[in-house]
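**Q** What follows is run-v2.pdb, PDB, C-alpha atoms and all ligand atoms.
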```
ATOM      1  CA  MET A   1     214.617 299.096 173.165
ATOM      2  CA  GLY A   2     213.311 295.615 172.523
ATOM      3  CA  ARG A   3     214.119 293.008 175.110
ATOM      4  CA  GLN A   4     213.624 289.925 173.064
ATOM      5  CA  LYS A   5     216.267 288.382 170.887
ATOM      6  CA  ALA A   6     218.844 290.995 169.864
ATOM      7  CA  GLY A   7     220.813 289.087 167.231
ATOM      8  CA  ASP A   8     221.761 285.442 167.255
ATOM      9  CA  GLU A   9     224.157 285.516 170.150
ATOM     10  CA  HIS A  10     221.819 286.336 172.998
ATOM     11  CA  SER A  11     218.245 286.814 174.013
ATOM     12  CA  GLY A  12     216.917 289.407 176.439
ATOM     13  CA  PRO A  13     214.561 289.081 179.363
ATOM     14  CA  ALA A  14     210.825 288.818 178.775
ATOM     15  CA  SER A  15     209.947 291.090 181.700
ATOM     16  CA  SER A  16     211.081 294.704 182.047
ATOM     17  CA  SER A  17     212.688 294.610 185.506
ATOM     18  CA  PHE A  18     213.663 292.274 188.278
ATOM     19  CA  ILE A  19     213.501 293.837 191.693
ATOM     20  CA  PRO A  20     211.677 291.782 194.302
ATOM     21  CA  PRO A  21     208.902 293.560 196.195
ATOM     22  CA  PRO A  22     209.876 293.925 199.872
ATOM     23  CA  LEU A  23     207.799 291.929 202.351
ATOM     24  CA  THR A  24     207.970 294.579 205.063
ATOM     25  CA  VAL A  25     207.453 298.322 205.267
ATOM     26  CA  LEU A  26     210.561 300.541 205.071
ATOM     27  CA  ILE A  27     211.041 302.576 208.225
ATOM     28  CA  GLY A  28     212.772 305.966 208.152
ATOM     29  CA  ARG A  29     215.568 306.625 205.608
ATOM     30  CA  ALA A  30     213.668 309.406 203.821
ATOM     31  CA  SER A  31     216.616 311.828 203.701
ATOM     32  CA  GLU A  32     219.082 309.062 202.766
ATOM     33  CA  LEU A  33     216.857 307.914 199.901
ATOM     34  CA  GLU A  34     216.721 311.436 198.550
ATOM     35  CA  ALA A  35     220.466 312.018 198.928
ATOM     36  CA  VAL A  36     221.487 308.717 197.303
ATOM     37  CA  ALA A  37     219.009 309.218 194.453
ATOM     38  CA  ASP A  38     220.629 312.596 193.873
ATOM     39  CA  MET A  39     224.078 311.000 193.950
ATOM     40  CA  MET A  40     222.889 308.451 191.375
ATOM     41  CA  ARG A  41     221.895 311.262 189.031
ATOM     42  CA  ARG A  42     225.508 312.462 189.060
ATOM     43  CA  ALA A  43     227.518 309.232 189.267
ATOM     44  CA  ARG A  44     227.060 306.074 187.194
ATOM     45  CA  LEU A  45     228.402 303.864 189.958
ATOM     46  CA  VAL A  46     227.171 304.407 193.495
ATOM     47  CA  THR A  47     228.115 302.012 196.280
ATOM     48  CA  LEU A  48     226.230 301.809 199.550
ATOM     49  CA  THR A  49     228.723 300.793 202.216
ATOM     50  CA  GLY A  50     228.371 300.158 205.920
ATOM     51  CA  PRO A  51     228.474 297.408 208.520
ATOM     52  CA  GLY A  52     226.595 294.154 208.174
ATOM     53  CA  GLY A  53     222.888 294.479 208.920
ATOM     54  CA  VAL A  54     222.761 298.290 208.687
ATOM     55  CA  GLY A  55     220.230 298.103 205.851
ATOM     56  CA  LYS A  56     222.240 298.439 202.623
ATOM     57  CA  THR A  57     220.254 295.823 200.720
ATOM     58  CA  ARG A  58     216.949 297.231 201.985
ATOM     59  CA  MET A  59     217.924 300.715 200.800
ATOM     60  CA  ALA A  60     219.133 299.445 197.425
ATOM     61  CA  VAL A  61     215.877 297.581 196.832
ATOM     62  CA  GLU A  62     213.893 300.717 197.639
ATOM     63  CA  LEU A  63     216.086 302.889 195.397
ATOM     64  CA  GLY A  64     215.800 300.337 192.601
ATOM     65  CA  ARG A  65     212.037 300.161 192.871
ATOM     66  CA  ARG A  66     211.779 303.953 192.759
ATOM     67  CA  GLN A  67     213.926 304.083 189.616
ATOM     68  CA  ALA A  68     212.152 301.301 187.735
ATOM     69  CA  ARG A  69     210.056 303.706 185.701
ATOM     70  CA  GLN A  70     212.986 305.994 184.909
ATOM     71  CA  ARG A  71     215.111 303.313 183.217
ATOM     72  CA  ALA A  72     213.850 302.421 179.767
ATOM     73  CA  ASP A  73     215.330 298.925 179.970
ATOM     74  CA  GLY A  74     214.632 298.226 183.584
ATOM     75  CA  VAL A  75     216.236 297.712 186.962
ATOM     76  CA  TRP A  76     217.831 294.336 187.653
ATOM     77  CA  LEU A  77     218.853 293.121 191.066
ATOM     78  CA  VAL A  78     221.710 290.642 191.135
ATOM     79  CA  ASP A  79     221.991 289.117 194.612
ATOM     80  CA  LEU A  80     225.573 287.965 195.011
ATOM     81  CA  ALA A  81     225.215 286.723 198.596
ATOM     82  CA  ALA A  82     225.223 283.079 197.533
ATOM     83  CA  VAL A  83     227.820 283.475 194.786
ATOM     84  CA  GLY A  84     231.005 281.799 195.977
ATOM     85  CA  ALA A  85     233.489 282.060 193.105
ATOM     86  CA  PRO A  86     234.625 285.324 191.483
ATOM     87  CA  GLU A  87     233.978 283.948 187.979
ATOM     88  CA  ASP A  88     230.325 283.398 188.913
ATOM     89  CA  VAL A  89     229.650 287.131 189.339
ATOM     90  CA  ALA A  90     229.311 287.723 185.583
ATOM     91  CA  ALA A  91     227.453 284.421 185.180
ATOM     92  CA  GLU A  92     224.909 285.352 187.863
ATOM     93  CA  THR A  93     224.435 288.787 186.275
ATOM     94  CA  ALA A  94     223.814 287.150 182.895
ATOM     95  CA  ARG A  95     221.404 284.688 184.486
ATOM     96  CA  VAL A  96     219.346 287.487 186.059
ATOM     97  CA  LEU A  97     219.297 289.432 182.784
ATOM     98  CA  GLU A  98     218.474 286.190 180.942
ATOM     99  CA  VAL A  99     221.323 286.848 178.537
ATOM    100  CA  ARG A 100     222.979 283.894 176.837
ATOM    101  CA  GLY A 101     226.062 283.900 174.659
ATOM    102  CA  VAL A 102     227.281 281.532 171.980
ATOM    103  CA  ALA A 103     229.742 278.804 172.909
ATOM    104  CA  GLY A 104     233.247 280.136 173.546
ATOM    105  CA  ASP A 105     232.126 283.683 174.381
ATOM    106  CA  ALA A 106     233.323 285.148 177.670
ATOM    107  CA  THR A 107     230.277 286.024 179.780
ATOM    108  CA  THR A 108     231.563 289.554 180.381
ATOM    109  CA  ASP A 109     231.763 290.131 176.606
ATOM    110  CA  VAL A 110     228.205 288.901 176.153
ATOM    111  CA  LEU A 111     227.017 291.265 178.897
ATOM    112  CA  ARG A 112     229.011 294.142 177.409
ATOM    113  CA  ARG A 113     227.414 293.664 173.996
ATOM    114  CA  TYR A 114     223.961 293.177 175.465
ATOM    115  CA  LEU A 115     224.126 296.297 177.638
ATOM    116  CA  ALA A 116     225.973 298.420 175.040
ATOM    117  CA  ASP A 117     223.031 300.674 174.196
ATOM    118  CA  ARG A 118     220.564 299.779 176.886
ATOM    119  CA  ASP A 119     219.324 302.102 179.624
ATOM    120  CA  VAL A 120     219.629 299.783 182.613
ATOM    121  CA  LEU A 121     220.214 300.093 186.346
ATOM    122  CA  LEU A 122     222.057 297.051 187.669
ATOM    123  CA  VAL A 123     221.871 296.556 191.411
ATOM    124  CA  LEU A 124     224.856 294.430 192.446
ATOM    125  CA  ASP A 125     223.891 293.388 195.947
ATOM    126  CA  ASN A 126     226.210 292.009 198.662
ATOM    127  CA  CYS A 127     229.493 292.424 196.774
ATOM    128  CA  GLU A 128     231.975 292.298 199.667
ATOM    129  CA  HIS A 129     233.036 288.652 199.360
ATOM    130  CA  VAL A 130     233.604 288.901 195.590
ATOM    131  CA  LEU A 131     234.835 292.481 195.567
ATOM    132  CA  ASP A 132     237.541 292.202 192.900
ATOM    133  CA  ALA A 133     235.244 290.412 190.469
ATOM    134  CA  CYS A 134     232.550 293.064 191.004
ATOM    135  CA  ALA A 135     235.094 295.849 190.517
ATOM    136  CA  GLU A 136     236.327 294.243 187.301
ATOM    137  CA  LEU A 137     232.830 293.667 185.917
ATOM    138  CA  ALA A 138     231.712 297.201 186.818
ATOM    139  CA  THR A 139     234.818 298.744 185.219
ATOM    140  CA  THR A 140     234.335 296.796 181.988
ATOM    141  CA  LEU A 141     230.602 297.363 181.674
ATOM    142  CA  LEU A 142     230.563 301.042 182.657
ATOM    143  CA  GLY A 143     233.440 301.704 180.256
ATOM    144  CA  ALA A 144     231.591 300.132 177.338
ATOM    145  CA  CYS A 145     227.911 300.860 178.039
ATOM    146  CA  PRO A 146     227.214 304.606 178.262
ATOM    147  CA  ASN A 147     223.634 304.309 179.516
ATOM    148  CA  LEU A 148     224.342 301.692 182.155
ATOM    149  CA  ARG A 149     224.210 302.633 185.817
ATOM    150  CA  ILE A 150     225.230 300.473 188.740
ATOM    151  CA  LEU A 151     224.131 300.629 192.351
ATOM    152  CA  ALA A 152     226.274 298.321 194.468
ATOM    153  CA  THR A 153     225.966 297.306 198.110
ATOM    154  CA  SER A 154     229.087 296.192 199.900
ATOM    155  CA  ARG A 155     230.626 296.386 203.336
ATOM    156  CA  GLU A 156     233.762 297.662 201.548
ATOM    157  CA  PRO A 157     233.984 300.019 198.551
ATOM    158  CA  LEU A 158     234.685 298.504 195.118
ATOM    159  CA  GLY A 159     237.572 300.962 194.886
ATOM    160  CA  ILE A 160     237.348 301.849 191.203
ATOM    161  CA  THR A 161     237.512 305.157 189.351
ATOM    162  CA  GLY A 162     234.226 307.003 189.240
ATOM    163  CA  GLU A 163     232.727 305.204 192.237
ATOM    164  CA  ALA A 164     230.627 307.442 194.480
ATOM    165  CA  LEU A 165     230.299 306.169 198.039
ATOM    166  CA  TRP A 166     227.426 306.491 200.454
ATOM    167  CA  ARG A 167     228.153 305.185 203.916
ATOM    168  CA  LEU A 168     224.889 304.125 205.471
ATOM    169  CA  GLU A 169     224.594 304.889 209.165
ATOM    170  CA  PRO A 170     222.354 303.042 211.621
ATOM    171  CA  LEU A 171     218.728 304.139 211.951
ATOM    172  CA  LEU A 172     217.803 307.262 213.886
ATOM    173  CA  PRO A 173     216.893 306.232 217.453
ATOM    174  CA  GLU A 174     213.171 306.874 216.973
ATOM    175  CA  ASP A 175     213.134 304.887 213.726
ATOM    176  CA  ALA A 176     215.015 302.072 215.437
ATOM    177  CA  CYS A 177     212.321 301.982 218.135
ATOM    178  CA  ARG A 178     209.614 301.959 215.465
ATOM    179  CA  LEU A 179     211.325 299.057 213.749
ATOM    180  CA  PHE A 180     211.449 297.124 217.018
ATOM    181  CA  LEU A 181     207.785 297.808 217.667
ATOM    182  CA  GLU A 182     206.778 296.956 214.106
ATOM    183  CA  ARG A 183     208.595 293.621 214.218
ATOM    184  CA  ALA A 184     207.478 292.853 217.775
ATOM    185  CA  ARG A 185     203.865 293.422 216.764
ATOM    186  CA  GLU A 186     204.235 290.857 214.009
ATOM    187  CA  ARG A 187     204.666 288.387 216.896
ATOM    188  CA  ARG A 188     202.371 290.081 219.407
ATOM    189  CA  PRO A 189     199.805 292.223 217.612
ATOM    190  CA  GLU A 190     198.260 293.342 220.907
ATOM    191  CA  LEU A 191     201.505 294.945 222.122
ATOM    192  CA  VAL A 192     201.032 298.597 223.093
ATOM    193  CA  PRO A 193     204.014 299.731 225.167
ATOM    194  CA  ASP A 194     203.630 301.512 228.505
ATOM    195  CA  ASP A 195     206.358 303.827 229.860
ATOM    196  CA  ASP A 196     208.507 301.004 231.237
ATOM    197  CA  THR A 197     208.302 299.052 228.009
ATOM    198  CA  GLU A 198     209.116 302.153 225.992
ATOM    199  CA  ARG A 199     212.236 302.719 228.089
ATOM    200  CA  ALA A 200     213.221 299.095 227.597
ATOM    201  CA  ILE A 201     212.796 299.391 223.824
ATOM    202  CA  VAL A 202     214.878 302.579 223.724
ATOM    203  CA  ASP A 203     217.614 300.798 225.731
ATOM    204  CA  ILE A 204     217.508 297.700 223.523
ATOM    205  CA  CYS A 205     217.887 299.753 220.353
ATOM    206  CA  ALA A 206     220.710 301.840 221.824
ATOM    207  CA  ARG A 207     222.472 298.682 223.000
ATOM    208  CA  LEU A 208     222.205 297.352 219.449
ATOM    209  CA  ASP A 209     223.593 300.595 217.989
ATOM    210  CA  ASN A 210     220.229 301.077 216.228
ATOM    211  CA  LEU A 211     221.271 298.452 213.677
ATOM    212  CA  PRO A 212     218.208 297.039 211.880
ATOM    213  CA  LEU A 213     219.381 293.421 211.781
ATOM    214  CA  GLY A 214     220.053 293.345 215.512
ATOM    215  CA  ILE A 215     216.753 295.002 216.231
ATOM    216  CA  GLU A 216     214.878 292.458 214.114
ATOM    217  CA  LEU A 217     216.614 289.597 215.919
ATOM    218  CA  ALA A 218     215.765 291.096 219.297
ATOM    219  CA  ALA A 219     212.147 291.844 218.364
ATOM    220  CA  ALA A 220     211.693 288.281 217.153
ATOM    221  CA  ARG A 221     211.779 287.284 220.842
ATOM    222  CA  ALA A 222     208.761 289.435 221.662
ATOM    223  CA  SER A 223     206.313 286.543 221.567
ATOM    224  CA  VAL A 224     208.037 284.791 224.457
ATOM    225  CA  MET A 225     209.725 287.646 226.326
ATOM    226  CA  SER A 226     208.720 291.139 227.418
ATOM    227  CA  ALA A 227     210.869 294.057 226.212
ATOM    228  CA  GLU A 228     212.225 294.329 229.758
ATOM    229  CA  GLU A 229     213.301 290.681 229.647
ATOM    230  CA  ILE A 230     214.915 291.132 226.233
ATOM    231  CA  ARG A 231     216.828 294.128 227.603
ATOM    232  CA  ALA A 232     217.965 292.174 230.658
ATOM    233  CA  SER A 233     219.111 289.298 228.478
ATOM    234  CA  LEU A 234     221.116 291.662 226.265
ATOM    235  CA  GLU A 235     222.682 293.334 229.295
ATOM    236  CA  ALA A 236     223.681 289.948 230.685
ATOM    237  CA  HIS A 237     225.237 288.953 227.375
ATOM    238  CA  PHE A 238     227.168 292.224 227.229
ATOM    239  CA  GLY A 239     228.297 291.745 230.811
ATOM    240  CA  GLU A 240     229.781 288.390 229.832
ATOM    241  CA  LEU A 241     231.606 289.916 226.875
ATOM    242  CA  ALA A 242     232.943 292.783 228.972
ATOM    243  CA  ARG A 243     234.087 290.383 231.741
ATOM    244  CA  ALA A 244     235.973 288.400 229.130
ATOM    245  CA  GLY A 245     238.333 291.400 228.987
ATOM    246  CA  PRO A 246     239.273 293.791 226.225
ATOM    247  CA  HIS A 247     241.155 291.309 224.080
ATOM    248  CA  PRO A 248     239.870 287.755 224.474
ATOM    249  CA  PRO A 249     240.555 285.754 221.293
ATOM    250  CA  ALA A 250     236.969 285.697 220.049
ATOM    251  CA  ILE A 251     236.631 289.444 220.408
ATOM    252  CA  ALA A 252     240.118 290.419 219.315
ATOM    253  CA  ALA A 253     239.303 289.014 215.887
ATOM    254  CA  PHE A 254     236.936 291.932 215.395
ATOM    255  CA  ALA A 255     238.960 294.567 217.226
ATOM    256  CA  PRO A 256     240.072 297.745 215.454
ATOM    257  CA  ARG A 257     243.766 297.677 214.565
ATOM    258  CA  SER A 258     244.596 300.909 216.415
ATOM    259  CA  SER A 259     246.395 300.371 219.709
ATOM    260  CA  GLY A 260     244.067 302.790 221.484
ATOM    261  CA  ALA A 261     241.016 300.555 221.118
ATOM    262  CA  THR A 262     238.738 300.622 224.139
ATOM    263  CA  THR A 263     236.606 297.762 225.411
ATOM    264  CA  PHE A 264     233.583 299.662 224.190
ATOM    265  CA  SER A 265     234.883 300.069 220.667
ATOM    266  CA  ILE A 266     235.906 296.430 220.573
ATOM    267  CA  LEU A 267     232.494 295.328 221.730
ATOM    268  CA  SER A 268     230.965 297.779 219.349
ATOM    269  CA  SER A 269     232.865 296.409 216.396
ATOM    270  CA  ARG A 270     232.042 292.887 217.506
ATOM    271  CA  ARG A 271     228.404 293.908 217.656
ATOM    272  CA  ARG A 272     228.671 295.156 214.123
ATOM    273  CA  SER A 273     230.014 291.830 212.968
ATOM    274  CA  GLY A 274     226.718 290.265 213.938
ATOM    275  CA  ALA A 275     228.590 287.275 215.403
ATOM    276  CA  TRP A 276     227.816 288.027 219.017
ATOM    277  CA  LEU A 277     224.199 288.727 218.091
ATOM    278  CA  SER A 278     223.798 285.292 216.589
ATOM    279  CA  SER A 279     225.140 283.716 219.769
ATOM    280  CA  TRP A 280     222.841 285.845 221.880
ATOM    281  CA  ALA A 281     219.834 285.084 219.674
ATOM    282  CA  ALA A 282     220.626 281.373 219.731
ATOM    283  CA  SER A 283     220.677 281.396 223.534
ATOM    284  CA  MET A 284     217.141 282.786 223.705
ATOM    285  CA  PRO A 285     213.996 280.674 224.052
ATOM    286  CA  THR A 286     212.246 279.708 220.831
ATOM    287  CA  PRO A 287     208.916 281.484 220.459
ATOM    288  CA  PRO A 288     206.096 278.881 220.627
ATOM    289  CA  GLY A 289     203.234 281.347 220.137
ATOM    290  CA  PRO A 290     201.810 284.675 221.246
ATOM    291  CA  SER A 291     201.893 285.663 224.920
ATOM    292  CA  ARG A 292     199.782 288.320 226.617
ATOM    293  CA  ARG A 293     201.044 291.626 228.031
ATOM    294  CA  ALA A 294     198.873 294.670 227.483
ATOM    295  CA  CYS A 295     200.350 298.184 227.598
ATOM    296  CA  ARG A 296     199.381 301.790 226.781
ATOM    297  CA  SER A 297     200.307 303.880 223.744
ATOM    298  CA  THR A 298     201.981 307.279 223.043
ATOM    299  CA  SER A 299     204.527 308.978 220.651
ATOM    300  CA  TRP A 300     206.491 306.550 218.426
ATOM    301  CA  ARG A 301     204.632 303.836 220.315
ATOM    302  CA  ASP A 302     201.630 304.738 218.176
ATOM    303  CA  TRP A 303     203.490 303.269 215.210
ATOM    304  CA  SER A 304     201.227 300.940 213.348
ATOM    305  CA  THR A 305     201.531 298.814 210.242
ATOM    306  CA  ASN A 306     198.234 300.298 209.084
ATOM    307  CA  ARG A 307     199.601 303.844 208.727
TER     308      ARG A 307
HETATM  309  N1  LIG B 401     214.826 301.048 207.124
HETATM  310  C1  LIG B 401     214.422 299.777 207.343
HETATM  311  N2  LIG B 401     213.118 299.506 207.570
HETATM  312  C2  LIG B 401     212.696 298.254 207.796
HETATM  313  N3  LIG B 401     213.513 297.176 207.816
HETATM  314  C3  LIG B 401     214.824 297.390 207.581
HETATM  315  C4  LIG B 401     215.337 298.683 207.333
HETATM  316  N4  LIG B 401     216.661 298.586 207.135
HETATM  317  C5  LIG B 401     216.961 297.289 207.247
HETATM  318  N5  LIG B 401     215.863 296.560 207.517
HETATM  319  C6  LIG B 401     215.830 295.106 207.712
HETATM  320  O1  LIG B 401     216.955 294.744 208.510
HETATM  321  C7  LIG B 401     217.546 293.556 208.024
HETATM  322  C8  LIG B 401     219.000 293.803 207.639
HETATM  323  O2  LIG B 401     219.030 294.717 206.540
HETATM  324  P1  LIG B 401     219.903 294.444 205.234
HETATM  325  O3  LIG B 401     219.893 293.003 204.853
HETATM  326  O4  LIG B 401     219.464 295.416 204.207
HETATM  327  O5  LIG B 401     221.345 294.799 205.776
HETATM  328  P2  LIG B 401     222.710 294.839 204.963
HETATM  329  O6  LIG B 401     223.396 296.104 205.347
HETATM  330  O7  LIG B 401     222.455 294.627 203.520
HETATM  331  O8  LIG B 401     223.494 293.611 205.598
HETATM  332  P3  LIG B 401     224.687 292.736 204.957
HETATM  333  O9  LIG B 401     225.942 293.578 205.038
HETATM  334  O10 LIG B 401     224.750 291.521 205.842
HETATM  335  O11 LIG B 401     224.309 292.395 203.542
HETATM  336  C9  LIG B 401     216.687 293.084 206.853
HETATM  337  O12 LIG B 401     215.733 292.144 207.317
HETATM  338  C10 LIG B 401     215.995 294.361 206.401
HETATM  339  O13 LIG B 401     214.764 294.118 205.758
HETATM  340 MG    MG B 402     223.012 293.156 202.184
END
```
I'd like the structure from this file rewritten - as C-alpha cells, please.

**A**
Amino acid sequence: MGRQKAGDEHSGPASSSFIPPPLTVLIGRASELEAVADMMRRARLVTLTGPGGVGKTRMAVELGRRQARQRADGVWLVDLAAVGAPEDVAAETARVLEVRGVAGDATTDVLRRYLADRDVLLVLDNCEHVLDACAELATTLLGACPNLRILATSREPLGITGEALWRLEPLLPEDACRLFLERARERRPELVPDDDTERAIVDICARLDNLPLGIELAAARASVMSAEEIRASLEAHFGELARAGPHPPAIAAFAPRSSGATTFSILSSRRRSGAWLSSWAASMPTPPGPSRRACRSTSWRDWSTNR
C-alpha cells in the first residue's frame, strides 16, 4: 500500500511508522507482553487499563515497536495527553498520520477513507480525559476499516463493543527493585547496594505499591539521599497522611466509595493518584550532583544497564 498521495483529498505519511524509541530499558513485563500480543491477535481493539503511573504507555510503546514489522502500513502512536478538547482527538490522529482532507470534510470521515484498506495499528495513548471522543473515533474507524487495529491506553475502559481489556498490575517486587536500582544508578553510577540498602529498596518499592512512576520519582533522589534516607522520608510522609485520619478532605477525594474503606485502602488509592507522591517529591532536596556511598552487590542488586 502506497503511503503517498492517495487521491486528491488527502496525502499519506512519508515514513512507515511513528513510534518513538524509548529512552530507557524496559524492566520485566515479559509475560504481560506475550499475553497482550496474543490478545491483540484475537481482538481489533485492546485497551490497557490501570492506575496512573503503572506503565500503560511504556507497555503500549513496546507492543507497538514489536508489531511495526507485522503491519504493512505501520504503527502510529497518537499521544492524547496534551489534547484538551474532544474534537481534537480526530485532528491529532490525522496530524500524526499526516492525513489532510479537503475543506468542509469532517476529520473522522477523512481518517475513515484513508484507513479504509490500510493495515495499520493505531496506538491511542492516554485516552482517559477524552474517553467519549476516543470511543466514538474507535467505533467509527473499526467499523469501516477492516484491517485497522487499535491499542489504547486509558485509566478507564473505552466501553465499546469488541473492546478487549488488559488491566496492568504493578511490577513484580523484584522488577520494581531493579527499576529503582536502574534509575538510582543513572544518578549514582557507583551505587552497589549492601544488605541494609537492599532492604531499604525493597521497603521503598513495597511502600510505593511497586508502581513504576513512584519508583522513578523516589530513585531520582538517589544522588542526594541514601536509600535508607529515602525510605525514612517516605515513612514520615505516610505517617503524616495516616495521622490526618481516614477521611481528611484531601484524602477523601480519592477514597473508594464503599463504606468499608480502611485507612490503608484510602492511602493506597491516594498513592495511586500520584498526588501525594508529587507532594512528597516536591518536599525532597533537589539533587545538585553525585554523592558517594559505596556498597556491595548480590542477586537483583547485580542489575546493570549493560546487561
Ligand atoms: N516496565 C518498565 N520498565 C522501565 N520503566 C518503566 C516500566 N514501566 C513504566 N516505566 C516508567 O515509569 C513511568 C510511568 O510509566 P507510564 O507513563 O507508562 O505510566 P502510565 O500507566 O501510562 O501512566 P498514566 O496513567 O499517567 O498515563 C515512565 O517514566 C515509564 O517509562
Ligand atoms: Mg500513560

**Q** Enter the distance from atom CA of A:Thr140 to atom CA of A:Leu48, in Å, rounded to one decimal.

**A**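 Taking atom CA of A:Thr140 and atom CA of A:Leu48, their separation equals 20.0 Å.
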
**Q** Would you mind listing the residues within 10 Å of ligand LIG 401 (chain B), counting only C-alpha atoms and all ligand atoms, as an NGL selection string?

**A** :A and (22-30 or 48-62 or 79-81 or 125-128 or 153-156 or 168-172 or 175-176 or 178-180 or 182-183 or 211-217 or 272-274)

**Q** Taking (228.1, 298.2, 190.9) as a centre in this file's frame and 6 Å as the limit, can you find every polymer residue with an atom that close, using all atoms listed in the file, and give them as a list in words?

**A** Leu45, Leu124, Ala138, Ile150, Leu151 and Ala152 of chain A

**Q** Report as a VMD selection string the full result of the PyMOL selection byres (((chain A and resi 113) around 12) and not hetatm) when it is applied to this structure.

**A** chain A and resid 6 to 7 9 to 12 94 99 to 101 105 to 112 114 to 118 140 to 146 148

**Q** Calculate how many Å separate atom CA of A:Leu77 from atom CA of A:Val123, rounding to one decimal.

**A**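 Result for atom CA of A:Leu77 versus atom CA of A:Val123: 4.6 Å, one decimal.
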
**Q** Looking at A:Gln67, A:Thr47, A:Glu32, A:Phe238, which one is nearest to ligand MG 402 (chain B), with distances taken over all atoms listed in the file?

**A** A:Thr47

**Q** Looking at only C-alpha atoms and all ligand atoms, which of A:His129, A:Asp119, A:Pro189, A:Ala218 is the one that sits closest to ligand MG 402 (chain B)?

**A**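 Of A:His129, A:Asp119, A:Pro189, A:Ala218, the one nearest ligand MG 402 (chain B) is A:His129, counting only C-alpha atoms and all ligand atoms.
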
**Q** Which distance in Å separates atom CA of A:Asn210 and atom CA of A:Arg231, to one decimal?

**A**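 One can read the atom CA of A:Asn210 to atom CA of A:Arg231 distance as 13.8 Å.
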
**Q** Measuring atom to atom with only C-alpha atoms and all ligand atoms, identify which of A:Ala220, A:Ala236, A:Val36, A:Ala82 is nearest to ligand MG 402 (chain B).

**A**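 Among the listed residues, the smallest separation from ligand MG 402 (chain B) belongs to A:Ala82.
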
**Q** Using all atoms listed in the file, pick whichever of A:Cys205, A:Ala227, A:Leu191, A:Val120 has the shortest atom-to-atom distance to A:Glu174.

**A**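 Selected residue with least distance to A:Glu174: A:Cys205.
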
**Q** Which neighbours of A:Leu158 fall inside 8 Å, counting all atoms listed in the file, when residues of the same chain fewer than 5 positions from it are skipped, and could you give them as a short mmCIF file (atom, residue, chain, number, x, y, z; two decimals) with C-alpha atoms, in the frame of the given file?

**A**
```
data_model
loop_
_atom_site.label_atom_id
_atom_site.label_comp_id
_atom_site.auth_asym_id
_atom_site.auth_seq_id
_atom_site.Cartn_x
_atom_site.Cartn_y
_atom_site.Cartn_z
CA THR A 47 228.12 302.01 196.28
CA LEU A 131 234.84 292.48 195.57
CA ASP A 132 237.54 292.20 192.90
CA CYS A 134 232.55 293.06 191.00
CA ALA A 135 235.09 295.85 190.52
CA GLU A 163 232.73 305.20 192.24
#
```

**Q** Please export stretch 86-98 of chain A as a PDB file, in the first residue's frame, restricted to N, CA and C atoms.

**A**
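Below is the file that was written, out-v5.pdb:
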```
ATOM      1  N   PRO A  86     -12.438  17.275  23.133  1.00  0.00           N
ATOM      2  CA  PRO A  86     -12.811  16.013  22.472  1.00  0.00           C
ATOM      3  C   PRO A  86     -12.659  16.073  20.951  1.00  0.00           C
ATOM      4  N   GLU A  87     -13.006  17.222  20.350  1.00  0.00           N
ATOM      5  CA  GLU A  87     -12.954  17.306  18.880  1.00  0.00           C
ATOM      6  C   GLU A  87     -11.510  17.261  18.353  1.00  0.00           C
ATOM      7  N   ASP A  88     -10.540  17.452  19.254  1.00  0.00           N
ATOM      8  CA  ASP A  88      -9.146  17.423  18.813  1.00  0.00           C
ATOM      9  C   ASP A  88      -8.568  16.011  18.735  1.00  0.00           C
ATOM     10  N   VAL A  89      -9.325  15.015  19.211  1.00  0.00           N
ATOM     11  CA  VAL A  89      -8.811  13.637  19.162  1.00  0.00           C
ATOM     12  C   VAL A  89      -8.616  13.193  17.709  1.00  0.00           C
ATOM     13  N   ALA A  90      -9.651  13.388  16.888  1.00  0.00           N
ATOM     14  CA  ALA A  90      -9.537  13.011  15.467  1.00  0.00           C
ATOM     15  C   ALA A  90      -8.491  13.885  14.782  1.00  0.00           C
ATOM     16  N   ALA A  91      -8.447  15.162  15.126  1.00  0.00           N
ATOM     17  CA  ALA A  91      -7.488  16.072  14.494  1.00  0.00           C
ATOM     18  C   ALA A  91      -6.051  15.665  14.809  1.00  0.00           C
ATOM     19  N   GLU A  92      -5.805  15.268  16.064  1.00  0.00           N
ATOM     20  CA  GLU A  92      -4.452  14.848  16.448  1.00  0.00           C
ATOM     21  C   GLU A  92      -4.081  13.544  15.737  1.00  0.00           C
ATOM     22  N   THR A  93      -5.056  12.647  15.610  1.00  0.00           N
ATOM     23  CA  THR A  93      -4.804  11.382  14.897  1.00  0.00           C
ATOM     24  C   THR A  93      -4.443  11.674  13.433  1.00  0.00           C
ATOM     25  N   ALA A  94      -5.191  12.574  12.820  1.00  0.00           N
ATOM     26  CA  ALA A  94      -4.909  12.937  11.424  1.00  0.00           C
ATOM     27  C   ALA A  94      -3.540  13.612  11.302  1.00  0.00           C
ATOM     28  N   ARG A  95      -3.201  14.414  12.303  1.00  0.00           N
ATOM     29  CA  ARG A  95      -1.903  15.098  12.257  1.00  0.00           C
ATOM     30  C   ARG A  95      -0.760  14.074  12.310  1.00  0.00           C
ATOM     31  N   VAL A  96      -0.889  13.092  13.209  1.00  0.00           N
ATOM     32  CA  VAL A  96       0.164  12.077  13.323  1.00  0.00           C
ATOM     33  C   VAL A  96       0.274  11.271  12.029  1.00  0.00           C
ATOM     34  N   LEU A  97      -0.872  10.925  11.456  1.00  0.00           N
ATOM     35  CA  LEU A  97      -0.869  10.141  10.209  1.00  0.00           C
ATOM     36  C   LEU A  97      -0.548  11.003   8.986  1.00  0.00           C
ATOM     37  N   GLU A  98      -0.453  12.310   9.212  1.00  0.00           N
ATOM     38  CA  GLU A  98      -0.195  13.265   8.119  1.00  0.00           C
ATOM     39  C   GLU A  98      -1.269  13.157   7.036  1.00  0.00           C
TER      40      GLU A  98
END
```
